[in-house]
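Please read the structure below before turning to the comments.
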Amino acid sequence: MVKFFKVTASVLALLLAVSTGIALAADADFHIGVVTGTVSQSEDNLRGAERMIEEYGDAASGGMITHVTYPDNFMSEMETTISQIASLADDPKMKAIVVNESVPGTTEGFRRVREKRPDIFLFSGEPHEDPGVITSVADLAITSDNIARGYLIPLAAQKLGAKTFVHISFPRHMSYEILGRRRAIMEAACKDLGIKFVFETAPDPTSDVGVAGAQQFILEKVPAWLDQYGKDTAFFCTNNAHTEPLLNRIAALGGYFIEADIPSPLMGYPGALGVDLTKEKGDWPAILKKMESAVAAAGGSGRMGTWAFSIGYTQSAGLVEFARRVIAGEAKVDSLKDLVECYNKFTPGAKWGAGYYTDAGTGVRNVKLGLVRQDTYIFGSGYMGLTDVEIPEKYFNISR
């Protein structure tokens, strides 16, 4: 009887592994670490990590993926972020680490990993630190193509009928090279497109006012901004926490919202419009359809947009898949084509554009920093075809 039980248990374990797609412990020859924010600060990024645990299993249970999070208040708890990243190198099976978003402290965390384990591949999603800093240690950093988007977002706003473009941010974000450069490109694009550009400052959610204080500021200010600039105004903010109250007010009072800083149908929309997406969790076409109905009911059709698939979700899942393929010899670390194929796995039907970052001051192309963008989807209207737009060369030479 004992022998029969052992054989049966083994067979059951094998059947479970096959049915779930999770490798058995003996088959997990290497591990991949994923570091994201928490569900309260960056839900999409975390959901992408969970998707990969579903795909390849949790390392703690014999699978491939180890997932850890950094603190919500990452600016004041940077050492915790650094320690979380560096601790992954203690696992002898660890072969790659993906951090998404790469908040301040990621570079130092990567440096400490390099000191311990130079064999580990290091991938950065949406780096907050300057391009030259993060790519000094990362094998590859990937961010939304904020150079191209600096032109494409105002262009989309103009096509929808906006006469004014309001950019909302704060000093910490404007100190980041890419975010500051995108703001400058947006201002130049607005001038060329005949749109009035306005910069408005809002509280940093990581400051003493916290997320609640920053969100309350937006709720109170948007009506005043609409009175001041008119309802033919498009709004853009650089912070996730600002997005929900901004969408709430735009849907109710007027104005345009092309897409979030980190675009996703989950970025701000469910909370702003009171939509429960529990049943649609992980089903992006279903999520998009339900949000489209909610936006229409709120009167925002033709005025509010997103990316059909979350960039945060796609960065986490796509970079982990890319890391796996690189380790397995199925992809090359310097191939954006191979990277886009990994993104396509998780975004069926969406169109992507990709390229490398070029420094505006030196004109040098950084082949360790890839830029990706997905076509913009306007609720009630569909895709805008922005990935097919040829962007004037002059915008790639604008610095912050």
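In the structure tokens, the first chain shown is A, the next is B, and so on; residue numbers restart at 1 for each chain, and ligands run from 1 in the order shown.
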
Residues near A:Trp307, cut-off 10 Å, only C-alpha atoms, skip fewer than 6 positions along chain, as a short mmCIF file (atom, residue, chain, number, x, y, z; two decimals) with N, CA and C atoms, in the first residue's frame:
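Generated file (result.cif):
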```cif
data_model
loop_
_atom_site.label_atom_id
_atom_site.label_comp_id
_atom_site.auth_asym_id
_atom_site.auth_seq_id
_atom_site.Cartn_x
_atom_site.Cartn_y
_atom_site.Cartn_z
N ILE A 258 -5.82 61.79 -23.08
CA ILE A 258 -5.36 60.91 -24.17
C ILE A 258 -4.92 59.56 -23.63
N GLU A 259 -4.01 59.56 -22.69
CA GLU A 259 -3.54 58.33 -22.07
C GLU A 259 -2.72 58.69 -20.83
N ALA A 260 -2.58 57.73 -19.94
CA ALA A 260 -1.83 57.95 -18.70
C ALA A 260 -0.33 57.95 -18.95
N ILE A 262 1.76 56.04 -17.53
CA ILE A 262 2.00 54.61 -17.73
C ILE A 262 0.65 54.03 -18.14
N PRO A 263 0.37 53.97 -19.44
CA PRO A 263 -1.00 53.72 -19.93
C PRO A 263 -1.54 52.33 -19.62
N SER A 264 -2.83 52.30 -19.27
CA SER A 264 -3.52 51.05 -18.98
C SER A 264 -5.00 51.35 -18.77
N PRO A 265 -5.89 50.45 -19.20
CA PRO A 265 -7.31 50.64 -18.88
C PRO A 265 -7.59 50.51 -17.39
N LEU A 266 -6.60 49.98 -16.64
CA LEU A 266 -6.74 49.88 -15.19
C LEU A 266 -6.14 51.09 -14.46
N MET A 267 -5.40 51.92 -15.19
CA MET A 267 -4.73 53.04 -14.56
C MET A 267 -5.72 54.17 -14.30
N LEU A 288 -11.11 46.04 -21.27
CA LEU A 288 -11.26 47.19 -22.17
C LEU A 288 -12.73 47.41 -22.53
N ALA A 350 -2.59 44.12 -30.43
CA ALA A 350 -2.08 45.49 -30.25
C ALA A 350 -0.84 45.70 -31.11
N ARG A 373 6.32 51.67 -27.58
CA ARG A 373 5.04 52.38 -27.52
C ARG A 373 3.96 51.52 -28.19
N GLN A 374 2.76 51.64 -27.66
CA GLN A 374 1.59 50.93 -28.18
C GLN A 374 0.63 51.97 -28.72
N ASP A 375 -0.14 51.61 -29.72
CA ASP A 375 -1.08 52.54 -30.31
C ASP A 375 -2.13 52.97 -29.27
N THR A 376 -2.55 54.23 -29.35
CA THR A 376 -3.53 54.78 -28.42
C THR A 376 -4.95 54.37 -28.81
N TYR A 377 -5.72 53.97 -27.81
CA TYR A 377 -7.12 53.58 -28.02
C TYR A 377 -8.01 54.61 -27.33
N ILE A 378 -8.87 55.26 -28.11
CA ILE A 378 -9.82 56.22 -27.57
C ILE A 378 -11.16 55.52 -27.37
N TYR A 383 -8.70 52.67 -32.14
CA TYR A 383 -7.27 53.00 -32.26
C TYR A 383 -7.07 54.23 -33.14
#
```

Name the residues of stretch 103-139 of chain A that come out as helix (DSSP H, G or I) in a backbone DSSP run; write them as a list in words. Thr106, Thr107, Glu108, Gly109, Phe110, Arg111, Arg112, Val113, Arg114, Glu115, Lys116, Pro131, Gly132, Val133 and Ile134 of chain A

Can you spit out the residues from that selection as a short mmCIF file (atom, residue, chain, number, x, y, z; two decimals), in the first residue's frame, using C-alpha atoms?
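This went into part03.cif:
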```
data_model
loop_
_atom_site.label_atom_id
_atom_site.label_comp_id
_atom_site.auth_asym_id
_atom_site.auth_seq_id
_atom_site.Cartn_x
_atom_site.Cartn_y
_atom_site.Cartn_z
CA THR A 106 17.45 50.20 -8.53
CA THR A 107 20.86 51.16 -9.90
CA GLU A 108 22.52 50.67 -6.51
CA GLY A 109 20.65 47.40 -6.03
CA PHE A 110 21.92 46.23 -9.42
CA ARG A 111 25.47 47.29 -8.50
CA ARG A 112 25.35 45.15 -5.39
CA VAL A 113 24.07 42.22 -7.43
CA ARG A 114 26.93 42.70 -9.91
CA GLU A 115 29.44 42.58 -7.02
CA LYS A 116 28.03 39.27 -5.79
CA PRO A 131 19.50 56.74 -18.77
CA GLY A 132 23.27 56.84 -18.36
CA VAL A 133 22.96 55.84 -14.72
CA ILE A 134 20.68 52.81 -14.99
#
```

Per-residue nearest contacts stretch 85-200 of chain A to stretch 57-66 of chain A, cut-off 12 Å, using only C-alpha atoms, as JSON lines:
```
{"residue": "A:Ile85", "atom": "CA", "partner": "A:Thr66", "partner_atom": "CA", "distance": 11.1}
{"residue": "A:Ser87", "atom": "CA", "partner": "A:Thr66", "partner_atom": "CA", "distance": 11.2}
{"residue": "A:Leu88", "atom": "CA", "partner": "A:Thr66", "partner_atom": "CA", "distance": 8.2}
{"residue": "A:Ala89", "atom": "CA", "partner": "A:Thr66", "partner_atom": "CA", "distance": 11.3}
{"residue": "A:Asp91", "atom": "CA", "partner": "A:Thr66", "partner_atom": "CA", "distance": 9.9}
{"residue": "A:Lys93", "atom": "CA", "partner": "A:Met64", "partner_atom": "CA", "distance": 9.2}
{"residue": "A:Met94", "atom": "CA", "partner": "A:Thr66", "partner_atom": "CA", "distance": 9.0}
{"residue": "A:Lys95", "atom": "CA", "partner": "A:Met64", "partner_atom": "CA", "distance": 10.1}
{"residue": "A:Ala96", "atom": "CA", "partner": "A:Ile65", "partner_atom": "CA", "distance": 10.0}
{"residue": "A:Ile97", "atom": "CA", "partner": "A:Thr66", "partner_atom": "CA", "distance": 9.2}
{"residue": "A:Val98", "atom": "CA", "partner": "A:Thr66", "partner_atom": "CA", "distance": 10.2}
{"residue": "A:Val99", "atom": "CA", "partner": "A:Thr66", "partner_atom": "CA", "distance": 11.7}
```

All strand (DSSP E or B) residues (DSSP, backbone) inside stretch 73-136 of chain A, as a PyMOL selection string: chain A and resi 94-102+121-127

Shell around A:Thr206 at 10 Å using only C-alpha atoms, local window under 6 positions removed, as number ranges by chain: A: 72-76, 172, 214, 241

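Within 10 Å of A:Asp388, once only C-alpha atoms are used and residues closer than 4 positions along the same chain are dropped, the contacting residues are Lys351, Trp352, Gly353, Asp375 and Met384 of chain A.
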
Let me see the file: selected residues, C-alpha atoms, as a PDB file, in the first residue's frame.
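So again.pdb came out as:
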```pdb
ATOM      1  CA  LYS A 351       0.494  47.237 -32.426  1.00  0.00           C
ATOM      2  CA  TRP A 352       3.897  48.178 -30.978  1.00  0.00           C
ATOM      3  CA  GLY A 353       6.713  50.444 -32.062  1.00  0.00           C
ATOM      4  CA  ASP A 375      -1.084  52.545 -30.311  1.00  0.00           C
ATOM      5  CA  MET A 384      -5.767  56.255 -33.538  1.00  0.00           C
TER       6      MET A 384
END
```

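Minimum atom-to-atom distance to A:Pro154, evaluated using only C-alpha atoms, belongs to A:Leu386 out of A:Ala296, A:Ala141, A:Leu386, A:Val209.
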
Spatial neighbours of A:Pro245, max dist 8 Å, only C-alpha atoms, sep filter under 3 positions, as a count of residues only: 9

Point-to-point distance in Å for atom CA of A:Pro104 and atom CA of A:Gly282: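 Atom CA of A:Gly282 sits 28.4 Å away from atom CA of A:Pro104.
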
Distance criterion (only C-alpha atoms): nearest to A:Ser136 out of A:Asn366, A:Ala28, A:Gly380, A:Pro392: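 Ranking A:Asn366, A:Ala28, A:Gly380, A:Pro392 by distance to A:Ser136, first place goes to A:Asn366.
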
If we count only C-alpha atoms, what is near stretch 396-398 of chain A at a cut-off of 9 Å, once residues fewer than 6 positions away on the same chain are taken out, given as a list in words? Ile147, Ala148, Arg181, Arg182, Ala184, Ile185, Ala188, Thr358, Asp359, Ala360, Gly361 and Gly363 of chain A
